[in-house]
Amino acid sequence: MIDKRTASAADAVATVGDGATVMIGGFGEAGSPIELIHALIDNGARGLTVVNNNTGSGEVGLAALIKNGQVDKMICSYPRSANSTVFPDLYRAGEIELELVPQGTLAERIRAGGAGIAAFFTPTGAGTELANGKEVRDFGGRPHVLEHGLTADLALIKAQVADWHGNLVFNKTARNFAPVMAMAAKHTSVQATTLVTPGALDPEVVVTPGIFVDLVVHVETPAQESDLVANGASYP
Amino acid sequence: MIDKRTASAADAVATVGDGATVMIGGFGEAGSPIELIHALIDNGARGLTVVNNNTGSGEVGLAALIKNGQVDKMICSYPRSANSTVFPDLYRAGEIELELVPQGTLAERIRAGGAGIAAFFTPTGAGTELANGKEVRDFGGRPHVLEHGLTADLALIKAQVADWHGNLVFNKTARNFAPVMAMAAKHTSVQATTLVTPGALDPEVVVTPGIFVDLVVHVETPAQESDLVANGASYP
Amino acid sequence: MTAPVEPVGLSRDEMARRAAQDIADGAYVNLGIGMPEKIAQYIPAGREIVLHTENGLLGMGPSPSPGNGDPELINAGKRQVTAMPGASYFHHADSFAMIRGGHLDLCVLGALEVAANGDLANWSTGDEGAIPAVGGAMDLVSGVKAVYVMTSHCTRDGRPKLVESCTYPLTGIGVVDRIYTDLAIIAVTVRGFEVVELSPSITFSYVAERTDAPLMDSRTEIENQ
Amino acid sequence: MTAPVEPVGLSRDEMARRAAQDIADGAYVNLGIGMPEKIAQYIPAGREIVLHTENGLLGMGPSPSPGNGDPELINAGKRQVTAMPGASYFHHADSFAMIRGGHLDLCVLGALEVAANGDLANWSTGDEGAIPAVGGAMDLVSGVKAVYVMTSHCTRDGRPKLVESCTYPLTGIGVVDRIYTDLAIIAVTVRGFEVVELSPSITFSYVAERTDAPLMDSRTEIENQ
C-alpha cells in the first residue's frame with residue numbers, strides 16, 4: 001500500500017546533507033513551508049544552496065535558516081523584502097553568495113529541471129547584465145539566452161490538501177513555485193494542512209500528482225510568517 | 001464586458017486562411033473537436049499544416065479533413081490508426097507530407113511555442129534517425145537534441161466546461177494536448193459541452209485560463225468519433 | 001504683482017486615471033508594483049480589464065475588506081488582494097509562460113530611465129551597497145505585447161528620466177512603447193520620443209527642457225489623424 | 001519410443017505474471033501497448049503499483065465493466081480504461097515531463113530487436129511501404145529510470161530478437177536494463193546479455209542458440225548472492 005505520511009517533520013528533511021541544494025516553495029509568505037524550514041534548522045545541515053524567489057522576512061522561516069548560517073548561496077529573483085535585514089547584512093558582508101535570476105527564467109529553469117529538459121533558449125534578459133557570459137543565439141531575429149535546467153536534492157512544499165499518495169492541491173497564490181519544485185527535486189517533502197485518503201481528491205483537480213511527492217507531514221495549523229514577524233518571533 | 005461566446009462554428013474557424021498551421025486537440029477520439037473540424041471542412045481552407053498526435057480514423061473529423069484534400073502536411077507522433085486508410089493511402093502516394101515527432105517532444109515543442117521558449121535541448125531521440133540533421137549537444141555526459149518551439153495560426157479544442165471568459169476544464173483523458181495547443185496558437189477556438197457564467201468555475205480548478213482562448217462555441221451533444229466510424233459516417 | 005507660477009503636472013492619481021483611459025476593453029494587463037498599481041482604481045466604467053499578477057492569478061481584484069484577507073492570496077507586491085469572477089490560479093512556470101509567450105496585451109511598469117530607442121532601466125541603480133533584485137521585470141518587457149512606462153518625468157532631484165541612452169543596468173532593449181509622466185504622454189517610435197499629449201498647463205518646451213534626448217511634437221499629427 | 005519434445009517456453013500470460021513479480025510495491029510504471037499491458041492483471045496481491053498512461057492519467061485501472069466506459073477515458077493504446085482512487089489527470093506536456101524527468105520507476109516495452117549494449121529498436125521496420133509511427137517510445141526509453149523489454153525470444157519465423165547490434169532504426173541507445181522472454185530473463189549489463197533465470201524446461205544452451213550475441217550465464221552468481 002502506498003502511504004507517504006510521516007508523523008515527523010524531522011523525517012521530512014532527513015535526506016538532506018551538508019552542501020545540498022534545497023528548493024523551498026513560497027512567494028513571500030504565501031506558500032512558505034515554515035514548519036518544514038524550522039525542521040531543517042533543527043537538522044543543522046550546512047553549506048546549503050537554497051532556491052526560493054525571495055530570502056524570507058523577520059527571523060523566522062527562510063530568514064532564520066539563513067541567519068543560522070546554514071546557507072552558502074541563494075538562487076532567487078528578488079532577495080529584498082520589507083521586513084528582513086538577514087540576507088542583506090550577510091550579502092554586504094560577503095558572507096553569502098547570490099545567483100540572481102529573472103523570476104520567469106527561475107520558474108522555467110526549475111520546470112526544465114523537473115521535466116528532463118537540459119537547457120532552453122529564452123528571450124528574457126537578452127542584452128542585460130544577467131545574460132553576461134551566457135550563450136546567446138538569434139531565433140526569429142530576436143536574441144535568446146541559453147539557460148539551464150535546475151534540480152535539487154530536496155524540495156520543501158506547503159500544500160492545502162494532500163492524500164496518502166502525495167497528490168496535492170494548493171491554496172490560491174500559495175501554489176506559486178511548489179508544483180515545479182516538487183518536480184525538480186530528488187526528494188520532495190510536503191506539509192499539508194489537511195490529509196485525506198486516496199480517492200477523496202477529484203482526479204481532475206489534482207495540481208501536483210503524487211509521483212512528485214515522497215513524504216507528507218500533517219501540519220494542521222501552520223504558522224503564518226507575517227504573524228510571526230509581527231510578534232517579533234525568531235527561530236530557533 | 002468579456003464574452004467570448006459565438007453561436008456559430010463557422011465563426012470559430014473564420015480566421016483560417018490557405019496555408020495556415022492548425023493545431024487540433026485530441027488523442028485518438030478523446031478530445032477530438034469533431035464539430036469544429038467539420039466547420040473547417042465547410043470553410044474550405046487548403047494547403048494546411050495540421051498538428052495532432054494522430055491522423056484520425058474513418059472518414060469523419062481529422063480523417064475527413066485530410067481526405068478532403070485540405071491538408072498538405074501532418075506533424076504528429078503516430079499517424080497510424082486502426083480504422084483509417086485516408087492518411088496511409090495519401091502518404092504512400094506521396095500526396096501528403098509527414099513530420100514525425102516523438103510524442104513527448106511534440107507536446108514539449110507545442111508548450112515551448114506557447115511559452116515563448118524558442119528551442120530546448122531534450123535527450124529524447126538522441127542517436128536515432130529522428131535526430132538526423134539536428135544539433136546535438138552533451139549535457140551531464142548525455143547527448144541532447146535541440147528542438148524548436150511550435151506555434152500555430154489556429155487551435156481547435158474540445159472542452160467539457162467553458163465560461164464566457166474562455167476558462168476551461170476538460171473531461172478525463174480528453175485533456176491531452178488541448179491546454180498546450182490553446183497556448184501555442186494565435187487564435188484558439190473551443191467547442192464546449194457546457195457553458196457557464198464567469199464565477200461558476202472554481203478558480204482553483206481551471207485548467208486553461210481564459211487568456212489562451214478567443215472564441216467559445218456551445219456544442220451540447222458532441223458526436224463521438226468511434227460512434228460515427230461504427231456507423232460508417234463520412235463528412236461532408 | 002505675482003511671481004511666475006511653476007507649472008504643475010499631473011498627480012500620481014491623475015496619471016493613473018489618464019493611463020487607464022488608454023486600456024482597451026477586454027485587455028489582459030499586468031500592472032507593476034508601485035505607481036502602476038493605481039491604474040486598477042481608474043478603469044473607466046463599462047470596460048472589463050483582466051489583471052494578471054505574476055505570482056499566479058489571472059483576474060485579480062481589489063484589496064479585501066478589513067478582516068477578509070487571506071495571507072495566501074497576494075499580488076506580486078505581496079499585498080493582499082481578491083479574485084474576481086472568472087479568475088484562475090496557476091503555478092509560476094505557467095504564469096510566466098503567459099508573460100513570455102506574448103499572451104498579455106499590456107504591462108505598465110515604473111522606470112529609472114527610458115532611452116529614446118525604447119531601452120528600459122528599472123531594476124538596479126548599480127550602486128555598490130544595493131542588493132540586486134530583478135523580480136519579473138525582465139520577463140514582462142521581453143514577453144508582453146505592449147510595454148508602457150508610468151513614471152515621474154524627472155527624479156526627485158530634477159534629473160531627466162527620459163534619456164539618449166540609459167546609464168543604469170538595462171531591463172530590456174528597445175522594449176518601451178509609451179511613457180506616461182506627470183508632464184506628458186510620450187510615444188517611443190523608430191524616430192525616438194514623440195509627445196502625443198501634454199498635461200494641462202504644460203508646454204512642449206517645458207517638457208523638452210526636462211528631457212535628455214531629442215523630443216518631437218506629434219500632437220498635430222495625432223489630432224489630424 | 002517417442003520423438004524428442006521441443007521445449008516450450010512461457011506463454012504470454014506466464015511472461016506477464018513472471019514480470020509482474022519483479023515490480024516493487026509502490027512503483028510508478030508505464031506498460032507499453034500490447035503484451036506488456038497484460039502485466040497489470042498479474043500484480044501480486046498486497047502490492048500497490050501506480051500505472052501511468054502517457055495520454056494523461058496516473059493511477060490507471062482496468063477496463064470498465066460493459067456499458068460503463070467513457071470514450072474520453074482511454075489509455076495510450078486508445079482502449080477504454082478506468083481511474084483508481086488516488087488517480088490524477090494532466091495534459092500531455094506534463095505527462096511527458098513525468099517521463100522525461102525521470103519520475104517513473106519502470107517502463108515495460110515490446111521490441112523488434114535488443115542489442116547486447118542495450119540499444120532498442122521497437123518503432124520501425126524501415127520498410128518502404130510502412131507508415132512511420134513512433135508515439136511515446138523514444139521519450140519513455142530516454143526518461144524512465146528502468147526500461148524492461150517483454151518480447152518473444154525470436155520472431156515468428158525464428159529469427160533472434162536479441163542481437164549483437166540492431167539492424168532496425170533505433171528507439172534509444174543503451175537504454176534496456178532487462179528482457180523478459182518466453183525462454184529466459186536476461187539482464188543487459190556492461191558485459192552484455194546475462195541470463196538471470198531460465199523458464200521451466202529451458203536450458204541455457206537452448207537460449208544461447210536462439211540469441212544472436214554472446215550470452216553469459218549469471219544464474220549461479222544470482223543464486224549465491
# chains A, B, ... in the order shown; residues from 1 in each chain; ligands from 1
$ residues_around --residues "segment 106-109 of chain D" --least-positions-apart "3" --cutoff "8 Å" --atoms "only C-alpha atoms" --output "ChimeraX atom specification"
/D:27-33,36,140-141,144-150
$ calpha_fit_rmsd --fixed "chain A" --moving "chain B"
0.0 Å
$ interface_residues --of "chain B" --to "chain C" --cutoff "6 Å" --atoms "only C-alpha atoms" --output "NGL selection string"
:B and (1-2 or 114-116 or 198-199 or 203-204 or 206)
$ select_by_dssp --residues "segment 114-214 of chain C" --states "strand (DSSP E or B)" --output "ChimeraX atom specification"
/C:114-115,120-121,146-150,154,160,162-163,172,178-180,184-189,192-198,212
$ write_last_selection --atoms "N, CA and C atoms" --output "compact mmCIF listing (two decimals), in the first residue's frame"
# COMPACT_ATOMS: atom_id res chain seq x y z
N VAL C 114 14.37 55.70 -19.26
CA VAL C 114 13.94 55.15 -20.56
C VAL C 114 14.77 55.86 -21.62
N ALA C 115 15.32 55.08 -22.55
CA ALA C 115 16.11 55.68 -23.63
C ALA C 115 15.25 55.89 -24.87
N LEU C 120 14.90 50.16 -21.50
CA LEU C 120 14.37 50.45 -20.17
C LEU C 120 15.37 50.01 -19.11
N ALA C 121 15.55 50.87 -18.11
CA ALA C 121 16.33 50.50 -16.91
C ALA C 121 15.40 50.72 -15.72
N ALA C 146 2.56 44.94 -25.38
CA ALA C 146 2.85 46.37 -25.30
C ALA C 146 3.38 46.69 -23.91
N VAL C 147 4.44 47.49 -23.87
CA VAL C 147 5.05 47.87 -22.59
C VAL C 147 4.90 49.37 -22.41
N TYR C 148 4.13 49.78 -21.41
CA TYR C 148 4.00 51.19 -21.07
C TYR C 148 4.79 51.45 -19.80
N VAL C 149 5.34 52.64 -19.73
CA VAL C 149 6.03 53.07 -18.51
C VAL C 149 5.22 54.20 -17.89
N MET C 150 5.12 54.18 -16.57
CA MET C 150 4.44 55.25 -15.84
C MET C 150 5.42 55.74 -14.79
N CYS C 154 10.91 63.48 -14.09
CA CYS C 154 12.28 63.64 -13.59
C CYS C 154 12.40 62.97 -12.23
N PRO C 160 16.43 64.32 -15.58
CA PRO C 160 15.51 63.68 -16.54
C PRO C 160 15.64 62.16 -16.50
N LEU C 162 14.00 60.47 -19.04
CA LEU C 162 13.98 60.14 -20.47
C LEU C 162 15.30 60.63 -21.05
N VAL C 163 16.10 59.67 -21.53
CA VAL C 163 17.49 59.98 -21.87
C VAL C 163 17.86 59.43 -23.24
N GLY C 172 15.62 45.73 -20.42
CA GLY C 172 15.35 45.19 -21.75
C GLY C 172 15.75 46.20 -22.80
N ARG C 178 5.42 53.31 -24.83
CA ARG C 178 4.74 54.55 -24.47
C ARG C 178 5.09 54.89 -23.05
N ILE C 179 5.15 56.19 -22.76
CA ILE C 179 5.51 56.65 -21.42
C ILE C 179 4.47 57.64 -20.93
N TYR C 180 3.94 57.39 -19.74
CA TYR C 180 3.01 58.31 -19.09
C TYR C 180 3.75 59.00 -17.94
N ALA C 184 3.54 64.64 -19.61
CA ALA C 184 3.13 64.33 -20.98
C ALA C 184 2.96 62.84 -21.19
N ILE C 185 2.34 62.54 -22.33
CA ILE C 185 2.32 61.15 -22.82
C ILE C 185 3.24 61.11 -24.03
N ILE C 186 4.20 60.21 -23.98
CA ILE C 186 5.25 60.20 -24.99
C ILE C 186 5.32 58.81 -25.63
N ALA C 187 5.17 58.77 -26.94
CA ALA C 187 5.32 57.51 -27.66
C ALA C 187 6.80 57.30 -27.97
N VAL C 188 7.24 56.06 -27.92
CA VAL C 188 8.60 55.74 -28.32
C VAL C 188 8.51 55.06 -29.67
N THR C 189 9.01 55.75 -30.69
CA THR C 189 8.90 55.23 -32.06
C THR C 189 10.29 55.06 -32.65
N GLY C 192 12.26 58.03 -32.22
CA GLY C 192 12.63 58.47 -30.87
C GLY C 192 11.40 58.86 -30.07
N PHE C 193 11.60 59.80 -29.11
CA PHE C 193 10.50 60.24 -28.25
C PHE C 193 9.57 61.19 -29.00
N GLU C 194 8.28 60.92 -28.96
CA GLU C 194 7.30 61.81 -29.59
C GLU C 194 6.18 62.12 -28.62
N VAL C 195 6.01 63.39 -28.30
CA VAL C 195 4.93 63.80 -27.41
C VAL C 195 3.60 63.64 -28.14
N VAL C 196 2.69 62.88 -27.56
CA VAL C 196 1.37 62.73 -28.18
C VAL C 196 0.31 63.48 -27.39
N GLU C 197 0.63 63.86 -26.15
CA GLU C 197 -0.32 64.63 -25.35
C GLU C 197 0.43 65.33 -24.24
N LEU C 198 0.07 66.60 -24.00
CA LEU C 198 0.68 67.35 -22.88
C LEU C 198 -0.32 67.41 -21.74
N ASP C 212 16.23 64.49 -21.69
CA ASP C 212 17.64 64.47 -22.05
C ASP C 212 17.89 63.75 -23.38
$ select_by_dssp --residues "segment 100-195 of chain D" --states "alpha helix (DSSP H)" --output "PyMOL selection string"
chain D and resi 100+137-143
$ closest_residue --among "B:Val161, B:Leu100, B:Ala7, B:Val229" --to "Arg80 of chain B" --atoms "only C-alpha atoms"
B:Leu100
$ residues_around --residues "Ala178 of chain A" --least-positions-apart "5" --cutoff "9 Å" --atoms "only C-alpha atoms" --output "PyMOL selection string"
(chain A and resi 23-26+31+155-159+170+183+208) or (chain C and resi 91-92)
$ write_last_selection --atoms "all heavy atoms" --output "tab-separated table (two decimals), in the first residue's frame"
chain	number	residue	atom	x	y	z
A	23	MET	N	15.19	23.33	-2.63
A	23	MET	CA	14.18	24.25	-3.16
A	23	MET	C	13.10	24.42	-2.10
A	23	MET	O	12.62	23.44	-1.53
A	23	MET	CB	13.58	23.70	-4.44
A	23	MET	CG	14.57	23.69	-5.60
A	23	MET	SD	13.84	23.00	-7.10
A	23	MET	CE	15.18	23.30	-8.28
A	24	ILE	N	12.73	25.66	-1.85
A	24	ILE	CA	11.71	25.95	-0.84
A	24	ILE	C	10.58	26.73	-1.49
A	24	ILE	O	10.79	27.83	-2.03
A	24	ILE	CB	12.31	26.73	0.34
A	24	ILE	CG1	13.45	25.92	0.99
A	24	ILE	CG2	11.23	27.07	1.37
A	24	ILE	CD1	14.12	26.59	2.18
A	25	GLY	N	9.38	26.16	-1.46
A	25	GLY	CA	8.22	26.79	-2.07
A	25	GLY	C	7.88	28.10	-1.39
A	25	GLY	O	8.34	28.39	-0.29
A	26	GLY	N	7.07	28.89	-2.06
A	26	GLY	CA	6.62	30.14	-1.47
A	26	GLY	C	7.02	31.35	-2.28
A	26	GLY	O	8.07	31.37	-2.93
A	31	GLY	N	2.58	30.30	0.79
A	31	GLY	CA	3.12	29.00	0.43
A	31	GLY	C	4.43	28.66	1.12
A	31	GLY	O	5.02	27.61	0.83
A	155	ALA	N	13.09	19.22	-1.93
A	155	ALA	CA	12.14	20.33	-2.05
A	155	ALA	C	11.23	20.30	-0.83
A	155	ALA	O	10.80	19.22	-0.39
A	155	ALA	CB	11.31	20.21	-3.33
A	156	LEU	N	10.97	21.48	-0.28
A	156	LEU	CA	10.05	21.62	0.86
A	156	LEU	C	8.87	22.46	0.39
A	156	LEU	O	9.04	23.58	-0.09
A	156	LEU	CB	10.76	22.29	2.05
A	156	LEU	CG	12.01	21.57	2.55
A	156	LEU	CD1	12.62	22.34	3.73
A	156	LEU	CD2	11.69	20.14	2.96
A	157	ILE	N	7.69	21.91	0.56
A	157	ILE	CA	6.48	22.42	-0.07
A	157	ILE	C	5.35	22.51	0.95
A	157	ILE	O	5.23	21.64	1.80
A	157	ILE	CB	6.05	21.42	-1.19
A	157	ILE	CG1	7.11	21.32	-2.28
A	157	ILE	CG2	4.68	21.77	-1.75
A	157	ILE	CD1	7.40	22.61	-2.97
A	158	LYS	N	4.54	23.56	0.82
A	158	LYS	CA	3.32	23.65	1.64
A	158	LYS	C	2.10	23.47	0.73
A	158	LYS	O	1.97	24.16	-0.28
A	158	LYS	CB	3.25	25.02	2.31
A	158	LYS	CG	2.05	25.21	3.21
A	158	LYS	CD	1.99	26.65	3.71
A	158	LYS	CE	0.87	26.87	4.70
A	158	LYS	NZ	0.77	28.31	5.08
A	159	ALA	N	1.23	22.54	1.12
A	159	ALA	CA	0.00	22.31	0.36
A	159	ALA	C	-1.21	22.51	1.25
A	159	ALA	O	-1.10	22.49	2.48
A	159	ALA	CB	0.00	20.90	-0.23
A	170	PHE	N	-3.49	23.21	-3.72
A	170	PHE	CA	-2.91	24.34	-3.00
A	170	PHE	C	-3.97	25.38	-2.68
A	170	PHE	O	-5.12	25.27	-3.12
A	170	PHE	CB	-1.79	24.94	-3.86
A	170	PHE	CG	-0.68	23.97	-4.14
A	170	PHE	CD1	-0.71	23.18	-5.29
A	170	PHE	CD2	0.36	23.80	-3.25
A	170	PHE	CE1	0.29	22.24	-5.54
A	170	PHE	CE2	1.36	22.87	-3.49
A	170	PHE	CZ	1.33	22.09	-4.64
A	183	MET	N	8.62	18.79	-8.77
A	183	MET	CA	9.09	18.00	-9.91
A	183	MET	C	10.62	17.95	-9.99
A	183	MET	O	11.19	17.00	-10.53
A	183	MET	CB	8.60	18.64	-11.22
A	183	MET	CG	7.11	18.52	-11.48
A	183	MET	SD	6.61	19.61	-12.85
A	183	MET	CE	7.52	18.87	-14.23
A	208	THR	N	-0.60	18.76	-8.21
A	208	THR	CA	0.65	18.01	-8.22
A	208	THR	C	0.35	16.54	-8.02
A	208	THR	O	-0.08	16.13	-6.93
A	208	THR	CB	1.59	18.52	-7.10
A	208	THR	OG1	2.06	19.82	-7.45
A	208	THR	CG2	2.78	17.61	-6.92
C	91	HIS	N	0.48	27.87	-11.48
C	91	HIS	CA	1.81	27.93	-10.87
C	91	HIS	C	2.72	28.90	-11.63
C	91	HIS	O	2.38	29.42	-12.69
C	91	HIS	CB	2.42	26.54	-10.71
C	91	HIS	CG	2.71	25.79	-11.97
C	91	HIS	ND1	3.52	26.28	-12.96
C	91	HIS	CD2	2.31	24.57	-12.39
C	91	HIS	CE1	3.62	25.39	-13.91
C	91	HIS	NE2	2.88	24.35	-13.61
C	92	HIS	N	3.89	29.14	-11.06
C	92	HIS	CA	4.78	30.17	-11.56
C	92	HIS	C	5.28	29.92	-12.98
C	92	HIS	O	5.41	30.87	-13.75
C	92	HIS	CB	5.98	30.29	-10.62
C	92	HIS	CG	6.05	31.61	-9.93
C	92	HIS	ND1	5.34	31.89	-8.78
C	92	HIS	CD2	6.70	32.76	-10.24
C	92	HIS	CE1	5.58	33.14	-8.41
C	92	HIS	NE2	6.40	33.69	-9.28
$ closest_residue --among "D:Gly110, D:Gly61, D:Gly118, D:Pro200" --to "Ala16 of chain D" --atoms "only C-alpha atoms"
D:Gly110
$ closest_residue --among "A:Gln191, A:Asn176, A:Asn171, A:Gln224" --to "chain B" --atoms "only C-alpha atoms"
A:Asn171
$ interface_residues --of "chain B" --to "chain A" --cutoff "8 Å" --atoms "only C-alpha atoms" --output "PyMOL selection string"
chain B and resi 116-123+139+144+171-172+204-205
$ atom_distance --atom1 "atom CA of Gly34 of chain D" --atom2 "atom CA of Ile131 of chain D"
18.7 Å
$ residues_around --residues "Pro44 of chain D" --least-positions-apart "4" --cutoff "9 Å" --atoms "only C-alpha atoms" --output "tab-separated table (two decimals) with all heavy atoms, in the first residue's frame"
chain	number	residue	atom	x	y	z
D	17	ARG	N	2.95	-12.66	-15.90
D	17	ARG	CA	2.91	-12.99	-14.48
D	17	ARG	C	4.33	-12.94	-13.88
D	17	ARG	O	4.54	-12.41	-12.79
D	17	ARG	CB	2.31	-14.38	-14.29
D	17	ARG	CG	2.10	-14.77	-12.83
D	17	ARG	CD	1.79	-16.27	-12.69
D	17	ARG	NE	0.68	-16.71	-13.51
D	17	ARG	CZ	-0.60	-16.68	-13.12
D	17	ARG	NH1	-0.91	-16.25	-11.91
D	17	ARG	NH2	-1.54	-17.10	-13.94
D	20	ALA	N	5.57	-9.37	-13.61
D	20	ALA	CA	4.86	-8.64	-12.55
D	20	ALA	C	5.49	-8.89	-11.18
D	20	ALA	O	5.50	-8.00	-10.32
D	20	ALA	CB	3.38	-9.06	-12.54
D	21	GLN	N	6.04	-10.08	-11.01
D	21	GLN	CA	6.66	-10.40	-9.70
D	21	GLN	C	7.86	-9.51	-9.40
D	21	GLN	O	8.23	-9.34	-8.24
D	21	GLN	CB	7.10	-11.87	-9.67
D	21	GLN	CG	5.93	-12.85	-9.61
D	21	GLN	CD	6.38	-14.28	-9.84
D	21	GLN	OE1	7.54	-14.62	-9.63
D	21	GLN	NE2	5.44	-15.11	-10.29
D	48	GLU	N	0.87	-2.42	-4.26
D	48	GLU	CA	0.15	-1.35	-4.95
D	48	GLU	C	1.08	-0.72	-5.98
D	48	GLU	O	2.12	-0.14	-5.63
D	48	GLU	CB	-0.33	-0.30	-3.95
D	48	GLU	CG	-1.28	0.72	-4.58
D	48	GLU	CD	-1.95	1.62	-3.56
D	48	GLU	OE1	-1.48	1.69	-2.40
D	48	GLU	OE2	-2.95	2.25	-3.91
$ residues_around --residues "segment 15-20 of chain B" --least-positions-apart "3" --cutoff "7 Å" --atoms "only C-alpha atoms" --output "count of residues only"
7
$ atom_distance --atom1 "atom CA of Met74 of chain B" --atom2 "atom CA of Val51 of chain B"
6.0 Å
$ atom_distance --atom1 "atom CA of Asp182 of chain D" --atom2 "atom CA of Ala40 of chain D"
17.8 Å
$ residues_around --residues "Val217 of chain A" --least-positions-apart "5" --cutoff "8 Å" --atoms "only C-alpha atoms" --output "PyMOL selection string"
chain A and resi 5-9+12+189-192
$ write_last_selection --atoms "N, CA, C and O atoms" --output "JSON list (two decimals), in the first residue's frame"
[["chain", "number", "residue", "atom", "x", "y", "z"],
["A", 5, "ARG", "N", 2.67, 9.25, 4.30],
["A", 5, "ARG", "CA", 2.58, 10.07, 5.51],
["A", 5, "ARG", "C", 3.73, 9.76, 6.46],
["A", 5, "ARG", "O", 4.18, 8.62, 6.58],
["A", 6, "THR", "N", 4.21, 10.77, 7.12],
["A", 6, "THR", "CA", 5.14, 10.57, 8.22],
["A", 6, "THR", "C", 4.71, 11.52, 9.33],
["A", 6, "THR", "O", 4.17, 12.60, 9.07],
["A", 7, "ALA", "N", 4.93, 11.09, 10.55],
["A", 7, "ALA", "CA", 4.44, 11.89, 11.68],
["A", 7, "ALA", "C", 5.39, 13.04, 11.99],
["A", 7, "ALA", "O", 5.03, 14.01, 12.65],
["A", 8, "SER", "N", 6.60, 12.97, 11.45],
["A", 8, "SER", "CA", 7.64, 13.86, 11.95],
["A", 8, "SER", "C", 8.23, 14.76, 10.88],
["A", 8, "SER", "O", 8.65, 14.30, 9.81],
["A", 9, "ALA", "N", 8.26, 16.05, 11.17],
["A", 9, "ALA", "CA", 8.90, 16.99, 10.26],
["A", 9, "ALA", "C", 10.39, 16.69, 10.14],
["A", 9, "ALA", "O", 11.01, 16.97, 9.11],
["A", 12, "ALA", "N", 10.99, 14.44, 7.41],
["A", 12, "ALA", "CA", 10.76, 15.06, 6.11],
["A", 12, "ALA", "C", 12.02, 15.72, 5.55],
["A", 12, "ALA", "O", 12.12, 15.95, 4.35],
["A", 189, "SER", "N", 9.34, 16.81, 0.13],
["A", 189, "SER", "CA", 8.55, 16.67, 1.35],
["A", 189, "SER", "C", 7.53, 17.79, 1.42],
["A", 189, "SER", "O", 7.82, 18.94, 1.09],
["A", 190, "VAL", "N", 6.34, 17.43, 1.89],
["A", 190, "VAL", "CA", 5.20, 18.35, 1.87],
["A", 190, "VAL", "C", 4.62, 18.48, 3.26],
["A", 190, "VAL", "O", 4.46, 17.49, 3.97],
["A", 191, "GLN", "N", 4.33, 19.73, 3.66],
["A", 191, "GLN", "CA", 3.47, 19.90, 4.83],
["A", 191, "GLN", "C", 2.09, 20.28, 4.32],
["A", 191, "GLN", "O", 1.93, 21.20, 3.52],
["A", 192, "ALA", "N", 1.08, 19.54, 4.78],
["A", 192, "ALA", "CA", -0.28, 19.77, 4.29],
["A", 192, "ALA", "C", -1.18, 20.09, 5.47],
["A", 192, "ALA", "O", -1.08, 19.48, 6.53]]
$ closest_residue --among "D:Leu51, D:Val8, D:Leu73, D:Ala116" --to "Ser199 of chain D" --atoms "only C-alpha atoms"
D:Val8
$ closest_residue --among "D:Met138, D:Leu183, D:Val190, D:Ala76" --to "Glu209 of chain D" --atoms "only C-alpha atoms"
D:Leu183
